[in-house]
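Enquirer: I'm passing along final_31.cif; it holds mmCIF, C-alpha atoms.
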```cif
data_work
loop_
_atom_site.label_atom_id
_atom_site.label_comp_id
_atom_site.auth_asym_id
_atom_site.auth_seq_id
_atom_site.Cartn_x
_atom_site.Cartn_y
_atom_site.Cartn_z
CA MET V 6 0.25 -11.28 -24.64
CA ILE V 7 0.45 -14.45 -22.62
CA PRO V 8 1.77 -14.05 -19.06
CA LYS V 9 4.58 -16.13 -17.64
CA LEU V 10 3.20 -17.89 -14.56
CA SER V 11 5.22 -19.08 -11.59
CA THR V 12 4.27 -20.52 -8.23
CA ILE V 13 6.35 -19.81 -5.12
CA PRO V 14 5.74 -21.96 -2.01
CA ILE V 15 6.04 -19.85 1.13
CA ILE V 16 4.90 -22.00 4.06
CA GLU V 17 4.31 -25.66 4.82
CA LEU V 18 1.45 -26.26 7.26
CA ALA V 19 1.31 -28.84 10.02
CA SER V 20 -1.04 -30.86 7.81
CA GLY V 21 1.61 -31.06 5.10
CA ASP V 22 -0.25 -28.69 2.78
CA ARG V 23 1.59 -25.72 1.29
CA LEU V 24 0.54 -22.11 0.78
CA SER V 25 2.01 -20.39 -2.24
CA LEU V 26 2.21 -17.16 -4.21
CA GLN V 27 1.05 -17.10 -7.83
CA VAL V 28 2.99 -14.62 -9.96
CA TYR V 29 1.88 -13.31 -13.38
CA ARG V 30 4.64 -11.66 -15.45
CA PHE V 31 3.97 -9.77 -18.67
CA VAL V 32 7.17 -8.94 -20.57
CA GLY V 33 7.23 -6.68 -23.60
CA VAL V 34 9.37 -7.00 -26.70
CA THR V 35 11.31 -3.84 -25.87
CA PRO V 36 13.33 -3.74 -22.63
CA GLY V 37 12.29 -1.09 -20.17
CA LYS V 38 11.19 -0.43 -16.63
CA LYS V 39 9.46 -2.79 -14.24
CA ALA V 40 6.19 -2.27 -12.41
CA TYR V 41 5.19 -4.56 -9.54
CA LEU V 42 1.56 -4.79 -8.35
CA GLN V 43 0.18 -6.87 -5.50
CA ALA V 44 -3.13 -7.18 -3.65
CA ASN V 45 -4.67 -8.58 -0.47
CA LEU V 46 -1.75 -8.16 1.92
CA HIS V 47 -4.41 -7.75 4.61
CA GLY V 48 -6.95 -10.57 4.60
CA ALA V 49 -10.24 -8.63 4.51
CA GLU V 50 -9.03 -6.24 1.79
CA ILE V 51 -10.05 -8.12 -1.33
CA SER V 52 -10.94 -5.44 -3.91
CA GLY V 53 -7.39 -5.31 -5.24
CA ASN V 54 -7.71 -8.91 -6.41
CA ALA V 55 -10.57 -7.89 -8.71
CA ALA V 56 -8.48 -4.97 -9.98
CA ILE V 57 -5.51 -7.24 -10.74
CA HIS V 58 -7.84 -9.69 -12.51
CA GLN V 59 -9.07 -6.87 -14.75
CA LEU V 60 -5.49 -5.85 -15.49
CA ILE V 61 -4.49 -9.42 -16.35
CA GLU V 62 -7.42 -9.71 -18.74
CA PHE V 63 -6.56 -6.33 -20.28
CA LEU V 64 -2.86 -7.10 -20.69
CA GLN V 65 -3.73 -10.36 -22.44
CA THR V 66 -5.44 -8.32 -25.20
CA LEU V 67 -2.30 -6.29 -25.95
CA ASP V 68 0.43 -6.92 -28.48
CA PRO V 69 3.90 -7.36 -26.95
CA GLN V 70 4.94 -4.12 -28.70
CA GLN V 71 2.48 -2.21 -26.49
CA LEU V 72 4.40 -3.10 -23.33
CA ARG V 73 7.84 -1.63 -22.81
CA GLY V 74 9.54 -3.50 -19.96
CA GLU V 75 7.71 -5.72 -17.50
CA ILE V 76 4.60 -5.79 -15.34
CA CYS V 77 4.54 -8.29 -12.48
CA LEU V 78 1.24 -8.95 -10.69
CA VAL V 79 0.55 -10.94 -7.51
CA PRO V 80 -3.08 -11.24 -6.35
CA THR V 81 -3.86 -12.77 -2.94
CA CYS V 82 -0.25 -12.01 -2.02
CA ASN V 83 -0.81 -13.11 1.59
CA PRO V 84 -2.62 -16.47 1.57
CA MET V 85 -2.26 -16.75 5.35
CA GLY V 86 -4.23 -13.54 5.90
CA THR V 87 -6.63 -14.09 3.01
CA ASN V 88 -7.78 -17.43 4.43
CA GLN V 89 -8.14 -16.25 8.03
CA ARG V 90 -11.72 -16.24 9.37
CA SER V 91 -13.65 -15.50 12.53
CA HIS V 92 -17.25 -16.70 12.08
CA HIS V 93 -18.51 -14.86 8.95
CA PHE V 94 -15.77 -12.25 9.07
CA SER V 95 -12.45 -12.07 7.26
CA THR V 96 -9.79 -10.67 9.55
CA GLY V 97 -6.23 -11.33 8.45
CA ARG V 98 -4.68 -7.99 9.36
CA TYR V 99 -2.50 -9.55 12.04
CA ASN V 100 -0.62 -12.81 12.18
CA PRO V 101 -2.53 -14.68 14.93
CA TYR V 102 0.63 -16.55 15.92
CA ASP V 103 2.84 -13.57 16.84
CA GLY V 104 0.43 -10.60 16.65
CA ARG V 105 2.39 -8.77 13.94
CA ASP V 106 0.63 -6.55 11.41
CA TRP V 107 1.29 -8.22 8.05
CA ASN V 108 2.10 -4.79 6.61
CA ARG V 109 4.64 -3.76 9.24
CA ILE V 110 7.20 -6.54 8.84
CA PHE V 111 9.25 -5.59 5.79
CA TRP V 112 13.01 -5.32 5.41
CA ASP V 113 14.31 -1.75 5.16
CA TYR V 114 17.80 -1.24 3.72
CA THR V 115 18.26 2.10 5.50
CA LYS V 116 18.31 0.55 8.97
CA ASN V 117 21.81 -0.93 8.69
CA HIS V 118 23.55 1.10 5.99
CA ASN V 119 25.17 4.52 5.77
CA LEU V 120 23.65 6.20 2.74
CA ARG V 121 25.55 9.45 3.26
CA ASP V 122 28.85 7.73 2.42
CA PHE V 123 27.31 6.32 -0.76
CA ALA V 124 26.09 9.78 -1.78
CA LYS V 125 29.51 11.35 -1.18
CA ALA V 126 31.23 8.64 -3.21
CA HIS V 127 28.81 9.18 -6.13
CA LEU V 128 28.47 12.95 -5.97
CA GLN V 129 29.77 13.42 -9.53
CA ALA V 130 28.23 10.28 -11.08
CA THR V 131 25.39 10.36 -13.58
CA PRO V 132 21.87 9.71 -12.22
CA ALA V 133 21.65 6.45 -14.22
CA LYS V 134 24.96 5.23 -12.75
CA ILE V 135 23.90 6.18 -9.24
CA GLN V 136 20.56 4.40 -9.60
CA ALA V 137 22.15 1.24 -11.00
CA ASN V 138 24.88 1.08 -8.34
CA PHE V 139 22.51 1.79 -5.46
CA ARG V 140 20.01 -0.81 -6.61
CA GLN V 141 22.82 -3.35 -6.85
CA GLN V 142 23.87 -2.62 -3.28
CA ILE V 143 20.29 -3.04 -2.04
CA LEU V 144 19.92 -6.37 -3.86
CA GLN V 145 23.26 -7.70 -2.60
CA SER V 146 22.39 -6.77 0.97
CA PHE V 147 18.92 -8.28 0.68
CA GLN V 148 20.23 -11.60 -0.63
CA LYS V 149 22.06 -12.16 2.64
CA ASN V 150 18.64 -12.84 4.16
CA ALA V 151 18.34 -15.93 1.98
CA GLN V 152 21.18 -17.62 3.84
CA LYS V 153 19.09 -17.83 7.00
CA LEU V 154 16.07 -19.49 5.38
CA ASP V 155 17.69 -22.92 5.18
CA SER V 156 19.43 -22.71 8.53
CA PRO V 157 18.75 -25.66 10.90
CA ARG V 158 17.62 -23.04 13.42
CA GLY V 159 14.92 -21.83 11.05
CA VAL V 160 13.42 -18.32 10.92
CA PRO V 161 10.07 -16.87 12.02
CA LEU V 162 7.32 -17.06 9.42
CA TYR V 163 7.28 -13.29 8.87
CA GLU V 164 10.95 -13.33 7.84
CA ARG V 165 10.42 -16.18 5.38
CA TYR V 166 7.28 -14.56 3.98
CA ARG V 167 8.74 -11.08 3.56
CA TYR V 168 11.82 -12.49 1.83
CA HIS V 169 9.75 -14.19 -0.84
CA LEU V 170 7.48 -11.18 -1.36
CA GLN V 171 10.20 -8.52 -1.43
CA SER V 172 12.40 -10.60 -3.72
CA LEU V 173 9.76 -10.02 -6.41
CA CYS V 174 9.87 -6.22 -6.26
CA LEU V 175 13.26 -4.86 -5.20
CA ASP V 176 14.42 -4.62 -8.83
CA ALA V 177 11.28 -2.68 -9.82
CA ASN V 178 10.93 1.00 -10.64
CA TYR V 179 7.34 1.25 -9.46
CA VAL V 180 5.47 -0.61 -6.73
CA ILE V 181 1.68 -0.48 -6.34
CA ASP V 182 0.31 -2.16 -3.22
CA LEU V 183 -3.48 -2.57 -3.46
CA HIS V 184 -5.38 -2.37 -0.17
CA SER V 185 -8.87 -1.48 1.01
CA SER V 186 -10.03 0.15 4.17
CA THR V 187 -10.92 -2.46 6.77
CA ASN V 188 -14.10 -0.38 7.14
CA GLN V 189 -16.07 1.73 4.64
CA ALA V 190 -14.07 4.30 2.69
CA LEU V 191 -13.62 6.33 -0.45
CA ASN V 192 -10.90 5.42 -2.93
CA HIS V 193 -7.68 7.14 -1.97
CA LEU V 194 -3.94 6.61 -2.12
CA TYR V 195 -0.90 7.12 0.07
CA CYS V 196 1.83 9.29 -1.44
CA CYS V 197 5.41 9.82 -0.28
CA GLN V 198 6.83 13.32 -0.05
CA THR V 199 8.47 14.59 -3.26
CA ARG V 200 6.24 12.31 -5.35
CA GLU V 201 3.13 14.51 -5.22
CA GLU V 202 3.14 15.39 -8.92
CA ALA V 203 3.37 11.75 -10.00
CA ALA V 204 0.38 10.88 -7.77
CA GLN V 205 -1.92 12.88 -10.03
CA ALA V 206 -1.59 10.21 -12.74
CA PHE V 207 -3.82 7.84 -10.73
CA LEU V 208 -6.80 10.16 -11.32
CA PHE V 209 -8.06 9.76 -7.73
CA GLU V 210 -9.78 12.67 -6.01
CA HIS V 211 -8.28 12.02 -2.60
CA GLY V 212 -4.79 11.26 -1.38
CA ILE V 213 -2.87 11.16 1.87
CA LEU V 214 0.66 12.54 2.00
CA LEU V 215 3.00 10.51 4.19
CA ASP V 216 4.65 13.34 6.09
CA GLU V 217 6.05 10.91 8.66
CA TYR V 218 7.49 7.42 8.33
CA ASP V 219 4.99 4.83 9.52
CA GLY V 220 7.38 1.92 9.91
CA ASP V 221 8.20 -1.16 7.78
CA ALA V 222 5.13 -1.04 5.52
CA PHE V 223 5.61 -2.69 2.13
CA ASP V 224 5.55 0.48 0.01
CA GLU V 225 7.66 2.48 2.44
CA ALA V 226 10.28 -0.23 2.90
CA PHE V 227 10.69 -0.32 -0.88
CA VAL V 228 10.95 3.41 -1.58
CA ARG V 229 12.42 4.81 1.64
CA PRO V 230 16.08 4.05 0.77
CA TRP V 231 15.69 6.08 -2.42
CA LEU V 232 14.04 8.98 -0.62
CA VAL V 233 16.74 9.03 2.06
CA LEU V 234 19.47 8.91 -0.60
CA GLU V 235 17.88 11.90 -2.35
CA GLN V 236 17.94 13.78 0.95
CA HIS V 237 21.65 13.06 1.41
CA PHE V 238 22.41 14.31 -2.09
CA GLU V 239 20.39 17.45 -1.39
CA LYS V 240 22.44 18.12 1.74
CA LEU V 241 25.56 17.76 -0.39
CA GLY V 242 24.22 20.34 -2.84
CA ARG V 243 22.80 18.13 -5.58
CA GLN V 244 19.10 17.78 -6.43
CA LEU V 245 18.12 14.32 -7.69
CA ARG V 246 14.84 12.49 -8.23
CA PHE V 247 15.28 8.83 -9.00
CA ASP V 248 12.81 7.04 -11.22
CA VAL V 249 11.57 4.94 -8.30
CA GLU V 250 8.12 5.27 -6.74
CA ALA V 251 5.81 3.31 -4.45
CA TRP V 252 2.10 3.69 -3.78
CA THR V 253 -0.59 2.20 -1.62
CA LEU V 254 -4.01 2.39 -3.27
CA GLU V 255 -7.00 2.00 -0.96
CA ILE V 256 -9.96 0.68 -2.95
CA ASN V 257 -13.24 1.17 -1.12
CA GLY V 258 -13.93 -1.02 1.95
CA GLY V 259 -13.15 -4.45 3.30
CA MET V 260 -14.78 -7.85 2.69
CA GLN V 261 -16.72 -6.61 -0.34
CA ILE V 262 -15.90 -5.77 -3.95
CA ASP V 263 -17.41 -2.55 -5.25
CA ALA V 264 -17.35 -2.71 -9.05
CA GLN V 265 -17.33 1.06 -9.53
CA ALA V 266 -14.44 1.55 -7.10
CA VAL V 267 -12.47 -1.25 -8.76
CA ASP V 268 -13.06 0.21 -12.24
CA ALA V 269 -11.81 3.61 -11.07
CA SER V 270 -8.64 2.08 -9.64
CA VAL V 271 -7.95 0.10 -12.83
CA ARG V 272 -8.41 3.25 -14.92
CA GLY V 273 -5.99 5.06 -12.64
CA MET V 274 -3.36 2.32 -12.83
CA LYS V 275 -3.59 2.16 -16.63
CA ASN V 276 -3.10 5.90 -16.75
CA TYR V 277 -0.14 5.76 -14.37
CA LEU V 278 1.59 2.96 -16.31
CA ALA V 279 0.99 4.81 -19.58
CA THR V 280 2.35 8.02 -18.07
CA LYS V 281 5.50 6.14 -17.07
CA GLY V 282 5.98 4.84 -20.61
CA ILE V 283 5.39 1.18 -19.76
CA LEU V 284 2.07 0.89 -21.59
CA ASP V 285 1.39 2.23 -25.09
CA ILE V 286 -2.40 2.06 -25.26
CA PRO V 287 -5.19 4.10 -26.88
CA ASP V 288 -6.71 6.99 -24.91
CA PHE V 289 -3.93 6.95 -22.28
CA PRO V 290 -2.36 8.81 -20.64
CA ILE V 291 -5.21 11.17 -19.91
CA ALA V 292 -4.26 14.84 -19.71
CA ALA V 293 -4.68 16.27 -16.23
CA THR V 294 -7.76 18.43 -15.75
CA SER V 295 -9.38 20.19 -12.85
CA ASN V 296 -11.77 17.25 -12.66
CA THR V 297 -8.94 14.78 -12.02
CA SER V 298 -6.71 16.84 -9.74
CA MET V 299 -6.05 15.08 -6.45
CA ARG V 300 -6.25 16.76 -3.09
CA LEU V 301 -3.36 15.56 -0.92
CA ILE V 302 -3.79 15.86 2.84
CA PRO V 303 -0.81 15.31 5.17
CA LYS V 304 -1.35 12.18 7.22
CA THR V 305 -0.71 14.08 10.45
CA GLU V 306 -3.70 16.34 9.65
CA ILE V 307 -6.29 13.55 9.41
CA GLN V 308 -8.98 14.04 12.05
CA THR V 309 -9.74 10.72 13.73
CA TYR V 310 -12.72 10.20 16.02
CA TYR V 311 -12.95 7.52 18.70
CA ALA V 312 -15.98 6.54 20.76
CA PRO V 313 -16.21 8.88 23.80
CA THR V 314 -18.32 6.27 25.58
CA GLY V 315 -19.45 2.71 24.99
CA GLY V 316 -22.63 2.05 23.04
CA MET V 317 -24.13 1.79 19.58
CA VAL V 318 -23.38 4.20 16.74
CA GLN V 319 -26.46 5.85 15.24
CA LYS V 320 -26.85 8.14 12.22
CA PRO V 321 -23.15 8.11 11.22
CA ALA V 322 -22.10 10.48 8.46
CA GLN V 323 -21.16 8.35 5.44
CA PRO V 324 -17.92 8.50 3.44
CA GLY V 325 -18.01 11.47 1.10
CA THR V 326 -20.07 13.63 3.47
CA LYS V 327 -18.69 17.16 3.84
CA VAL V 328 -19.17 18.64 7.29
CA LYS V 329 -18.67 22.00 8.94
CA LYS V 330 -17.43 22.57 12.45
CA GLY V 331 -20.32 21.81 14.80
CA ASP V 332 -22.21 19.50 12.41
CA LEU V 333 -23.46 16.20 13.81
CA LEU V 334 -21.12 13.32 12.90
CA TYR V 335 -22.93 10.52 14.72
CA GLU V 336 -24.78 9.65 17.91
CA MET V 337 -23.77 7.15 20.57
CA LEU V 338 -26.69 5.21 22.03
CA GLY V 339 -25.45 4.25 25.49
CA PHE V 340 -26.82 1.89 28.10
CA PRO V 341 -25.11 2.96 31.33
CA ARG V 342 -25.42 0.79 34.40
CA GLU V 343 -26.03 2.04 37.95
CA ASN V 344 -29.82 2.45 37.58
CA GLN V 345 -29.67 4.90 34.65
CA LEU V 346 -31.92 5.10 31.62
CA PRO V 347 -30.48 4.72 28.09
CA GLN V 348 -28.84 7.90 26.85
CA VAL V 349 -27.97 9.38 23.45
CA TYR V 350 -24.67 11.25 23.18
CA PRO V 351 -24.34 13.46 20.06
CA VAL V 352 -20.83 13.84 18.62
CA HIS V 353 -20.12 16.94 16.53
CA ALA V 354 -17.27 17.83 14.21
CA ASP V 355 -14.66 19.99 15.87
CA ALA V 356 -13.40 21.25 12.48
CA ASP V 357 -14.44 21.38 8.83
CA GLY V 358 -13.69 18.31 6.74
CA MET V 359 -14.99 15.38 4.74
CA VAL V 360 -15.68 11.87 6.01
CA PHE V 361 -13.51 9.44 4.06
CA ASP V 362 -13.44 6.37 6.33
CA CYS V 363 -16.09 5.01 8.67
CA ALA V 364 -16.16 1.93 10.92
CA SER V 365 -18.31 -0.93 9.66
CA ASN V 366 -19.10 -2.14 13.17
CA GLN V 367 -21.65 0.14 14.83
CA SER V 368 -21.15 -1.43 18.24
CA ALA V 369 -18.30 0.36 19.98
CA ASN V 370 -16.49 0.17 23.26
CA GLN V 371 -15.20 3.45 24.64
CA GLY V 372 -12.08 4.32 22.66
CA ASP V 373 -12.97 2.27 19.57
CA TYR V 374 -12.41 3.82 16.15
CA ILE V 375 -15.52 5.46 14.61
CA LEU V 376 -14.52 7.57 11.59
CA SER V 377 -11.94 9.88 10.02
CA LEU V 378 -12.13 13.25 8.27
CA LEU V 379 -9.88 14.70 5.58
#
```
For the file at hand, write its structure as structure tokens.
Expert:
Amino acid sequence: MIPKLSTIPIIELASGDRLSLQVYRFVGVTPGKKAYLQANLHGAEISGNAAIHQLIEFLQTLDPQQLRGEICLVPTCNPMGTNQRSHHFSTGRYNPYDGRDWNRIFWDYTKNHNLRDFAKAHLQATPAKIQANFRQQILQSFQKNAQKLDSPRGVPLYERYRYHLQSLCLDANYVIDLHSSTNQALNHLYCCQTREEAAQAFLFEHGILLDEYDGDAFDEAFVRPWLVLEQHFEKLGRQLRFDVEAWTLEINGGMQIDAQAVDASVRGMKNYLATKGILDIPDFPIAATSNTSMRLIPKTEIQTYYAPTGGMVQKPAQPGTKVKKGDLLYEMLGFPRENQLPQVYPVHADADGMVFDCASNQSANQGDYILSLL
């Protein structure tokens, strides 16, 4: 298959240069569902670009009959963040102009609409009719944002940017947002409640269950209206699960591409897309086994450790290390003032767990993030 390429300008710089999105669309012969994948929303998190490249190369080897529906891929989906530098370091998590987190800016349909009234009006409708009508309402409401883009008053960059990015995915069934830890981490994914079974298709060992809404993140802004609508139907006595899902995959750590971690994520995405009936490819989907079952931990149960004092981190437990309560997690080498000698402060685990994320910077002010346990 040959992808359909399109370029979408998103911002004109003071120099007159433009930053753009590059979109790769693979469309099968048979109509079907749509999957949308993007990478590099945060500047330092580059592994997803390698994963999307692998998928593009793989999809090019397929016959159009092996794809049912459409797969839309957008690497380096945030050129502003991707290009941001501080000395040798990629930053790009926050817009330096207004301080906003690039992944906390997205338009959420639920904020200005009464979904309970929609559920009551469609209580007897078929699931397909409900899904089609609700999607149409979301799209119509979203398009009102376009009217402001060409206003003489202008709009902030984050509004212009989010409009262009979300316009690519709101008609999708499945959204996969590829991130990496800003630090060092194991592959894991974020899963919304009620979608736990579907998460197993990614073949990851570790997952985090979003048991509370984090606020305007790309995946959540996409799927939250559907989850809220399901809740309203449940309160009215009808159980529904719409064929709409969103995922954030965290592929290893920031600023580096780990080939093994990328390969594992690509394998998981192939399996997920095959499970959903979009891809018809040999050896997929892979039947679930005890070796591929994912352990989902509620986000509110993650144990996060912050530096109890300023200093240098020594002997940190690495991602994947299992610890028992009382085990040494790391040491803080401190250099207190007031005529004191250097001191070493041991930090021990206050509960059993496994290290899954660890700060790359081993120089820490008091209160800086050090590591997290699942």
Enquirer: With the file shown as input, list the residues that the PyMOL selection byres ((chain V and resi 268) around 12) selects, as a ChimeraX atom specification.
Expert: /V:52-53,55-60,192,208-209,256-257,262-267,269-275
Enquirer: Would you save the residues from that selection as a CSV table (one decimal), in the coordinates of the input, using C-alpha atoms?
Expert:
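Wrote it out as out32.csv, contents follow:
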```
chain,number,residue,atom,x,y,z
V,52,SER,CA,-10.9,-5.4,-3.9
V,53,GLY,CA,-7.4,-5.3,-5.2
V,55,ALA,CA,-10.6,-7.9,-8.7
V,56,ALA,CA,-8.5,-5.0,-10.0
V,57,ILE,CA,-5.5,-7.2,-10.7
V,58,HIS,CA,-7.8,-9.7,-12.5
V,59,GLN,CA,-9.1,-6.9,-14.8
V,60,LEU,CA,-5.5,-5.8,-15.5
V,192,ASN,CA,-10.9,5.4,-2.9
V,208,LEU,CA,-6.8,10.2,-11.3
V,209,PHE,CA,-8.1,9.8,-7.7
V,256,ILE,CA,-10.0,0.7,-3.0
V,257,ASN,CA,-13.2,1.2,-1.1
V,262,ILE,CA,-15.9,-5.8,-4.0
V,263,ASP,CA,-17.4,-2.6,-5.2
V,264,ALA,CA,-17.4,-2.7,-9.0
V,265,GLN,CA,-17.3,1.1,-9.5
V,266,ALA,CA,-14.4,1.6,-7.1
V,267,VAL,CA,-12.5,-1.2,-8.8
V,269,ALA,CA,-11.8,3.6,-11.1
V,270,SER,CA,-8.6,2.1,-9.6
V,271,VAL,CA,-8.0,0.1,-12.8
V,272,ARG,CA,-8.4,3.2,-14.9
V,273,GLY,CA,-6.0,5.1,-12.6
V,274,MET,CA,-3.4,2.3,-12.8
V,275,LYS,CA,-3.6,2.2,-16.6
```
Enquirer: Written as a list of chain:residue names, what is the full residue list that the PyMOL selection byres ((chain V and resi 32) around 9) yields on the file shown?
Expert: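 Output of the PyMOL selection byres ((chain V and resi 32) around 9): V:Met6, V:Ile7, V:Pro8, V:Lys9, V:Arg30, V:Phe31, V:Gly33, V:Val34, V:Thr35, V:Pro36, V:Pro69, V:Leu72, V:Arg73, V:Gly74, V:Glu75, V:Ile76, V:Cys77.
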Enquirer: Counting all atoms listed in the file, what is within 8 Å of region 129-134 of chain V, bar same-chain residues fewer than 2 positions away, as a ChimeraX atom specification?
Expert: /V:127,136-138,245,247
Enquirer: Write to file, as a PDB file, in the frame of the given file, the residues of the selection just made, with C-alpha atoms.
Expert:
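Written out: part_27.pdb:
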```
ATOM      1  CA  HIS V 127      28.810   9.180  -6.130  1.00  0.00           C
ATOM      2  CA  GLN V 136      20.560   4.400  -9.600  1.00  0.00           C
ATOM      3  CA  ALA V 137      22.150   1.240 -11.000  1.00  0.00           C
ATOM      4  CA  ASN V 138      24.880   1.080  -8.340  1.00  0.00           C
ATOM      5  CA  LEU V 245      18.120  14.320  -7.690  1.00  0.00           C
ATOM      6  CA  PHE V 247      15.280   8.830  -9.000  1.00  0.00           C
TER       7      PHE V 247
END
```
Enquirer: Starting from the point (22.9, -1.9, -0.6), work out which residues of protein, DNA or RNA have an atom no more than 10 Å away when counting all atoms listed in the file; state them as a CSV table (one decimal) with C-alpha atoms, in the coordinates of the input.
Expert:
```csv
chain,number,residue,atom,x,y,z
V,114,TYR,CA,17.8,-1.2,3.7
V,115,THR,CA,18.3,2.1,5.5
V,117,ASN,CA,21.8,-0.9,8.7
V,118,HIS,CA,23.6,1.1,6.0
V,119,ASN,CA,25.2,4.5,5.8
V,120,LEU,CA,23.6,6.2,2.7
V,123,PHE,CA,27.3,6.3,-0.8
V,138,ASN,CA,24.9,1.1,-8.3
V,139,PHE,CA,22.5,1.8,-5.5
V,140,ARG,CA,20.0,-0.8,-6.6
V,141,GLN,CA,22.8,-3.4,-6.8
V,142,GLN,CA,23.9,-2.6,-3.3
V,143,ILE,CA,20.3,-3.0,-2.0
V,144,LEU,CA,19.9,-6.4,-3.9
V,145,GLN,CA,23.3,-7.7,-2.6
V,146,SER,CA,22.4,-6.8,1.0
V,147,PHE,CA,18.9,-8.3,0.7
V,230,PRO,CA,16.1,4.0,0.8
```
Enquirer: What is the distance, in Å and to one decimal place, between CA of Tyr335 (chain V) and CA of Ile213 (chain V)?
Expert: 23.8 Å
Enquirer: Given the file above and the PyMOL selection byres ((chain V and resi 310-318) around 7), which residues are selected, and can you give them as a ChimeraX atom specification?
Expert: /V:308-309,319-321,335-340,367-377
